[in-house]
$ cat my_file-v6.pdb   # PDB, C-alpha atoms, pLDDT in the B column
ATOM      1  CA  VAL A   1      -8.777 -13.828 -18.299  1.00 85.00           C
ATOM      2  CA  GLN A   2     -11.269 -11.008 -18.646  1.00 91.00           C
ATOM      3  CA  LEU A   3     -12.927  -9.324 -15.694  1.00 94.00           C
ATOM      4  CA  GLN A   4     -16.122  -7.301 -15.726  1.00 95.00           C
ATOM      5  CA  ALA A   5     -17.051  -5.401 -12.573  1.00 96.00           C
ATOM      6  CA  SER A   6     -20.526  -4.136 -11.824  1.00 95.00           C
ATOM      7  CA  GLY A   7     -22.817  -3.060  -9.019  1.00 96.00           C
ATOM      8  CA  GLY A   8     -21.473   0.259  -7.841  1.00 93.00           C
ATOM      9  CA  GLY A   9     -23.702   3.196  -7.073  1.00 97.00           C
ATOM     10  CA  LEU A  10     -24.635   6.035  -4.765  1.00 97.00           C
ATOM     11  CA  VAL A  11     -25.825   5.076  -1.293  1.00 97.00           C
ATOM     12  CA  GLN A  12     -26.161   6.661   2.116  1.00 98.00           C
ATOM     13  CA  ALA A  13     -24.008   5.957   5.130  1.00 98.00           C
ATOM     14  CA  GLY A  14     -25.127   2.756   6.813  1.00 98.00           C
ATOM     15  CA  ASP A  15     -26.531   1.260   3.618  1.00 98.00           C
ATOM     16  CA  SER A  16     -25.437  -1.930   1.908  1.00 98.00           C
ATOM     17  CA  LEU A  17     -24.320  -2.591  -1.637  1.00 97.00           C
ATOM     18  CA  ARG A  18     -22.993  -5.544  -3.583  1.00 98.00           C
ATOM     19  CA  VAL A  19     -20.321  -5.296  -6.234  1.00 98.00           C
ATOM     20  CA  SER A  20     -19.697  -8.217  -8.547  1.00 97.00           C
ATOM     21  CA  CYS A  21     -16.963  -9.359 -10.888  1.00 96.00           C
ATOM     22  CA  GLU A  22     -17.626 -11.748 -13.723  1.00 93.00           C
ATOM     23  CA  VAL A  23     -14.644 -13.789 -14.847  1.00 90.00           C
ATOM     24  CA  SER A  24     -14.314 -15.115 -18.368  1.00 86.00           C
ATOM     25  CA  GLY A  25     -11.594 -16.526 -20.552  1.00 79.00           C
ATOM     26  CA  ARG A  26      -9.222 -19.177 -19.301  1.00 67.00           C
ATOM     27  CA  ALA A  27     -10.334 -21.545 -16.555  1.00 64.00           C
ATOM     28  CA  ALA A  28     -10.796 -19.627 -13.337  1.00 62.00           C
ATOM     29  CA  LYS A  29     -10.317 -22.497 -10.921  1.00 71.00           C
ATOM     30  CA  ASP A  30      -6.659 -21.741 -10.275  1.00 80.00           C
ATOM     31  CA  VAL A  31      -6.929 -18.015  -9.711  1.00 86.00           C
ATOM     32  CA  MET A  32      -7.147 -15.789  -6.697  1.00 91.00           C
ATOM     33  CA  MET A  33      -9.664 -13.019  -7.033  1.00 94.00           C
ATOM     34  CA  ALA A  34      -9.296  -9.777  -5.130  1.00 97.00           C
ATOM     35  CA  TRP A  35     -10.968  -6.446  -4.691  1.00 98.00           C
ATOM     36  CA  PHE A  36      -8.982  -3.268  -4.429  1.00 98.00           C
ATOM     37  CA  ARG A  37     -10.254   0.265  -4.161  1.00 98.00           C
ATOM     38  CA  GLN A  38      -8.897   3.673  -4.973  1.00 98.00           C
ATOM     39  CA  ALA A  39     -10.212   7.014  -3.839  1.00 97.00           C
ATOM     40  CA  PRO A  40      -9.147  10.242  -5.558  1.00 94.00           C
ATOM     41  CA  GLY A  41      -5.617  11.254  -4.611  1.00 95.00           C
ATOM     42  CA  THR A  42      -4.865   7.979  -2.846  1.00 96.00           C
ATOM     43  CA  GLU A  43      -3.070   4.781  -3.702  1.00 96.00           C
ATOM     44  CA  ARG A  44      -4.960   1.667  -4.674  1.00 97.00           C
ATOM     45  CA  GLU A  45      -5.546  -0.377  -1.547  1.00 97.00           C
ATOM     46  CA  PHE A  46      -6.348  -4.006  -0.875  1.00 98.00           C
ATOM     47  CA  VAL A  47      -9.870  -4.783   0.314  1.00 98.00           C
ATOM     48  CA  SER A  48     -10.403  -8.531   0.146  1.00 98.00           C
ATOM     49  CA  VAL A  49      -9.318 -11.721  -1.597  1.00 97.00           C
ATOM     50  CA  ILE A  50     -10.691 -15.192  -2.216  1.00 95.00           C
ATOM     51  CA  SER A  51      -9.161 -18.186  -3.912  1.00 90.00           C
ATOM     52  CA  TRP A  52     -11.406 -20.017  -6.291  1.00 82.00           C
ATOM     53  CA  ASN A  53     -11.249 -23.136  -4.137  1.00 81.00           C
ATOM     54  CA  GLY A  54     -12.195 -21.078  -1.090  1.00 82.00           C
ATOM     55  CA  GLU A  55      -9.093 -21.987   0.903  1.00 87.00           C
ATOM     56  CA  ILE A  56      -7.896 -18.389   1.058  1.00 90.00           C
ATOM     57  CA  ILE A  57     -10.159 -15.595   2.248  1.00 95.00           C
ATOM     58  CA  ASP A  58      -8.792 -12.422   3.731  1.00 96.00           C
ATOM     59  CA  TYR A  59      -9.826  -8.846   4.395  1.00 97.00           C
ATOM     60  CA  ALA A  60      -8.197  -5.537   5.034  1.00 98.00           C
ATOM     61  CA  ASP A  61      -8.726  -4.314   8.576  1.00 97.00           C
ATOM     62  CA  SER A  62     -11.072  -1.637   7.257  1.00 97.00           C
ATOM     63  CA  ALA A  63     -13.272  -4.320   5.699  1.00 97.00           C
ATOM     64  CA  LYS A  64     -13.369  -6.919   8.461  1.00 97.00           C
ATOM     65  CA  GLY A  65     -16.811  -7.354   9.962  1.00 97.00           C
ATOM     66  CA  ARG A  66     -18.492  -5.197   7.307  1.00 98.00           C
ATOM     67  CA  PHE A  67     -17.610  -6.690   3.925  1.00 98.00           C
ATOM     68  CA  THR A  68     -18.060 -10.290   2.793  1.00 98.00           C
ATOM     69  CA  ILE A  69     -16.425 -11.814  -0.248  1.00 97.00           C
ATOM     70  CA  SER A  70     -17.849 -14.885  -1.953  1.00 95.00           C
ATOM     71  CA  SER A  71     -17.552 -16.779  -5.184  1.00 91.00           C
ATOM     72  CA  ASP A  72     -20.246 -18.344  -7.318  1.00 89.00           C
ATOM     73  CA  ASN A  73     -18.437 -20.970  -9.309  1.00 83.00           C
ATOM     74  CA  SER A  74     -21.470 -21.796 -11.435  1.00 84.00           C
ATOM     75  CA  LYS A  75     -21.562 -18.203 -12.669  1.00 84.00           C
ATOM     76  CA  ASN A  76     -17.821 -17.517 -12.593  1.00 88.00           C
ATOM     77  CA  THR A  77     -18.580 -14.517 -10.424  1.00 92.00           C
ATOM     78  CA  VAL A  78     -16.983 -13.084  -7.313  1.00 94.00           C
ATOM     79  CA  ASN A  79     -19.149 -10.875  -5.153  1.00 96.00           C
ATOM     80  CA  LEU A  80     -18.247  -8.379  -2.465  1.00 98.00           C
ATOM     81  CA  GLN A  81     -21.099  -7.530  -0.132  1.00 98.00           C
ATOM     82  CA  LEU A  82     -20.556  -4.131   1.469  1.00 98.00           C
ATOM     83  CA  THR A  83     -22.537  -3.338   4.617  1.00 98.00           C
ATOM     84  CA  SER A  84     -22.554  -0.521   7.151  1.00 98.00           C
ATOM     85  CA  LEU A  85     -20.999   1.677   4.519  1.00 98.00           C
ATOM     86  CA  LYS A  86     -19.161   4.825   5.531  1.00 97.00           C
ATOM     87  CA  PRO A  87     -18.272   7.902   3.482  1.00 97.00           C
ATOM     88  CA  GLU A  88     -14.628   6.830   3.645  1.00 97.00           C
ATOM     89  CA  ASP A  89     -15.570   3.676   1.714  1.00 98.00           C
ATOM     90  CA  SER A  90     -16.231   5.852  -1.322  1.00 98.00           C
ATOM     91  CA  ALA A  91     -13.871   4.808  -4.103  1.00 98.00           C
ATOM     92  CA  VAL A  92     -13.597   3.049  -7.413  1.00 98.00           C
ATOM     93  CA  TYR A  93     -13.626  -0.646  -6.649  1.00 98.00           C
ATOM     94  CA  TYR A  94     -11.522  -2.849  -8.904  1.00 98.00           C
ATOM     95  CA  CYS A  95     -11.533  -6.616  -9.175  1.00 97.00           C
ATOM     96  CA  ALA A  96      -8.282  -8.322 -10.012  1.00 96.00           C
ATOM     97  CA  ALA A  97      -7.032 -11.833 -10.664  1.00 94.00           C
ATOM     98  CA  VAL A  98      -3.781 -13.711 -10.484  1.00 92.00           C
ATOM     99  CA  TYR A  99      -3.024 -17.368 -10.968  1.00 89.00           C
ATOM    100  CA  GLN A 100      -2.090 -18.850  -7.599  1.00 84.00           C
ATOM    101  CA  GLU A 101       1.168 -20.237  -8.921  1.00 86.00           C
ATOM    102  CA  TYR A 102       2.370 -16.641  -9.340  1.00 88.00           C
ATOM    103  CA  CYS A 103       1.385 -15.561  -5.837  1.00 89.00           C
ATOM    104  CA  SER A 104       2.371 -18.237  -3.362  1.00 84.00           C
ATOM    105  CA  GLU A 105       4.172 -16.290  -0.649  1.00 88.00           C
ATOM    106  CA  PRO A 106       2.100 -15.486   2.469  1.00 87.00           C
ATOM    107  CA  GLY A 107       0.227 -12.250   2.062  1.00 90.00           C
ATOM    108  CA  CYS A 108       1.381 -11.603  -1.480  1.00 93.00           C
ATOM    109  CA  TYR A 109      -2.238 -11.204  -2.527  1.00 94.00           C
ATOM    110  CA  ARG A 110      -2.380  -7.866  -0.689  1.00 96.00           C
ATOM    111  CA  ASP A 111       0.028  -6.362  -3.197  1.00 95.00           C
ATOM    112  CA  SER A 112      -1.676  -4.938  -6.272  1.00 96.00           C
ATOM    113  CA  LEU A 113       1.523  -5.436  -8.264  1.00 95.00           C
ATOM    114  CA  GLN A 114       1.025  -9.210  -8.033  1.00 95.00           C
ATOM    115  CA  TYR A 115      -2.113  -9.113 -10.149  1.00 95.00           C
ATOM    116  CA  HIS A 116      -2.033  -9.675 -13.871  1.00 93.00           C
ATOM    117  CA  TYR A 117      -5.667  -9.070 -14.718  1.00 94.00           C
ATOM    118  CA  TRP A 118      -7.889  -6.143 -13.806  1.00 96.00           C
ATOM    119  CA  GLY A 119     -11.481  -5.195 -14.342  1.00 95.00           C
ATOM    120  CA  GLN A 120     -12.499  -1.701 -15.348  1.00 94.00           C
ATOM    121  CA  GLY A 121     -13.659  -0.597 -11.888  1.00 94.00           C
ATOM    122  CA  THR A 122     -17.035   0.321 -10.483  1.00 97.00           C
ATOM    123  CA  LEU A 123     -17.695   3.502  -8.521  1.00 97.00           C
ATOM    124  CA  VAL A 124     -19.110   3.359  -5.007  1.00 98.00           C
ATOM    125  CA  THR A 125     -20.141   6.665  -3.466  1.00 98.00           C
ATOM    126  CA  VAL A 126     -21.353   6.838   0.124  1.00 98.00           C
ATOM    127  CA  SER A 127     -22.991  10.058   1.211  1.00 97.00           C
ATOM    128  CA  SER A 128     -23.072  11.161   4.839  1.00 94.00           C
TER     129      SER A 128
END

$ encode --input "my_file-v6.pdb" --output "structure tokens"
Amino acid sequence: VQLQASGGGLVQAGDSLRVSCEVSGRAAKDVMMAWFRQAPGTEREFVSVISWNGEIIDYADSAKGRFTISSDNSKNTVNLQLTSLKPEDSAVYYCAAVYQEYCSEPGCYRDSLQYHYWGQGTLVTVSS
């Protein structure tokens, strides 16, 4: 599985932005796709996850109500719509994938160590 993230940029507080992750390689239908982010000097943190069949969707508390994750199966793409952005949302956003058979325990998808495949990251900078 190969992941290609795109869509980051510089925006102002309150603006919206969409980051996308294109999935290629082996069939994606059995994977869970997640977004993590990492700001300088901090640990990588979970943002959101979606299973390819749509049965699992979850968000970090910091993302609930502001971010929306979706998948476009026809394009093998997972999108994360970021709205009402805050300066503290500034980070490199990474998409990641794991086959569901390897992450079946409740909440395991919040752990970055569960993921086998990572995109290169896309930088989101929110100015105040």

$ closest_residue --input "my_file-v6.pdb" --among "A:Val1, A:Val126, A:Val31, A:Val19" --to "A:Asn73" --atoms "all atoms listed in the file"
A:Val31

$ resolve_selection --input "my_file-v6.pdb" --expression "the PyMOL selection byres ((chain A and resi 66) around 7)" --output "list in words"
Ala63, Lys64, Gly65, Phe67, Thr68, Leu82, Thr83 and Ser84 of chain A

$ closest_residue --input "my_file-v6.pdb" --among "A:Ser70, A:Gln2, A:Ser62, A:Thr122" --to "A:Gly25" --atoms "only C-alpha atoms"
A:Gln2

$ resolve_selection --input "my_file-v6.pdb" --expression "the PyMOL selection byres ((chain A and resi 86) around 7)" --output "list in words"
Ala13, Gly14, Ser84, Leu85, Pro87, Glu88, Asp89 and Val126 of chain A

$ residues_around --input "my_file-v6.pdb" --residues "A:Val124" --least-positions-apart "3" --cutoff "9 Å" --atoms "only C-alpha atoms" --output "PyMOL selection string"
chain A and resi 7-11+17+19+89-93

$ resolve_selection --input "my_file-v6.pdb" --expression "the PyMOL selection byres ((chain A and resi 51) around 12)" --output "mmCIF file with C-alpha atoms, in the frame of the given file"
data_model
loop_
_atom_site.group_PDB
_atom_site.id
_atom_site.type_symbol
_atom_site.label_atom_id
_atom_site.label_comp_id
_atom_site.auth_asym_id
_atom_site.auth_seq_id
_atom_site.Cartn_x
_atom_site.Cartn_y
_atom_site.Cartn_z
ATOM 1 C CA ALA A 28 -10.796 -19.627 -13.337
ATOM 2 C CA LYS A 29 -10.317 -22.497 -10.921
ATOM 3 C CA ASP A 30 -6.659 -21.741 -10.275
ATOM 4 C CA VAL A 31 -6.929 -18.015 -9.711
ATOM 5 C CA MET A 32 -7.147 -15.789 -6.697
ATOM 6 C CA MET A 33 -9.664 -13.019 -7.033
ATOM 7 C CA ALA A 34 -9.296 -9.777 -5.130
ATOM 8 C CA TRP A 35 -10.968 -6.446 -4.691
ATOM 9 C CA SER A 48 -10.403 -8.531 0.146
ATOM 10 C CA VAL A 49 -9.318 -11.721 -1.597
ATOM 11 C CA ILE A 50 -10.691 -15.192 -2.216
ATOM 12 C CA TRP A 52 -11.406 -20.017 -6.291
ATOM 13 C CA ASN A 53 -11.249 -23.136 -4.137
ATOM 14 C CA GLY A 54 -12.195 -21.078 -1.090
ATOM 15 C CA GLU A 55 -9.093 -21.987 0.903
ATOM 16 C CA ILE A 56 -7.896 -18.389 1.058
ATOM 17 C CA ILE A 57 -10.159 -15.595 2.248
ATOM 18 C CA ASP A 58 -8.792 -12.422 3.731
ATOM 19 C CA ILE A 69 -16.425 -11.814 -0.248
ATOM 20 C CA SER A 70 -17.849 -14.885 -1.953
ATOM 21 C CA SER A 71 -17.552 -16.779 -5.184
ATOM 22 C CA ASP A 72 -20.246 -18.344 -7.318
ATOM 23 C CA ASN A 73 -18.437 -20.970 -9.309
ATOM 24 C CA VAL A 78 -16.983 -13.084 -7.313
ATOM 25 C CA ALA A 96 -8.282 -8.322 -10.012
ATOM 26 C CA ALA A 97 -7.032 -11.833 -10.664
ATOM 27 C CA VAL A 98 -3.781 -13.711 -10.484
ATOM 28 C CA TYR A 99 -3.024 -17.368 -10.968
ATOM 29 C CA GLN A 100 -2.090 -18.850 -7.599
ATOM 30 C CA GLU A 101 1.168 -20.237 -8.921
ATOM 31 C CA CYS A 103 1.385 -15.561 -5.837
ATOM 32 C CA SER A 104 2.371 -18.237 -3.362
ATOM 33 C CA TYR A 109 -2.238 -11.204 -2.527
#

$ atom_distance --input "my_file-v6.pdb" --atom1 "atom CA of A:Arg44" --atom2 "atom CA of A:Tyr94"
9.0 Å

$ closest_residue --input "my_file-v6.pdb" --among "A:Gln114, A:Gly107, A:Gln81, A:Cys95" --to "A:Asp15" --atoms "only C-alpha atoms"
A:Gln81

$ atom_distance --input "my_file-v6.pdb" --atom1 "atom CA of A:Gln12" --atom2 "atom CA of A:Arg110"
28.0 Å

$ residues_around --input "my_file-v6.pdb" --residues "A:Leu3" --least-positions-apart "3" --cutoff "7 Å" --atoms "only C-alpha atoms" --output "PyMOL selection string"
chain A and resi 21-24+118-119

$ closest_residue --input "my_file-v6.pdb" --among "A:Leu123, A:Ser128, A:Tyr117, A:Ala5" --to "A:Ala39" --atoms "all atoms listed in the file"
A:Leu123
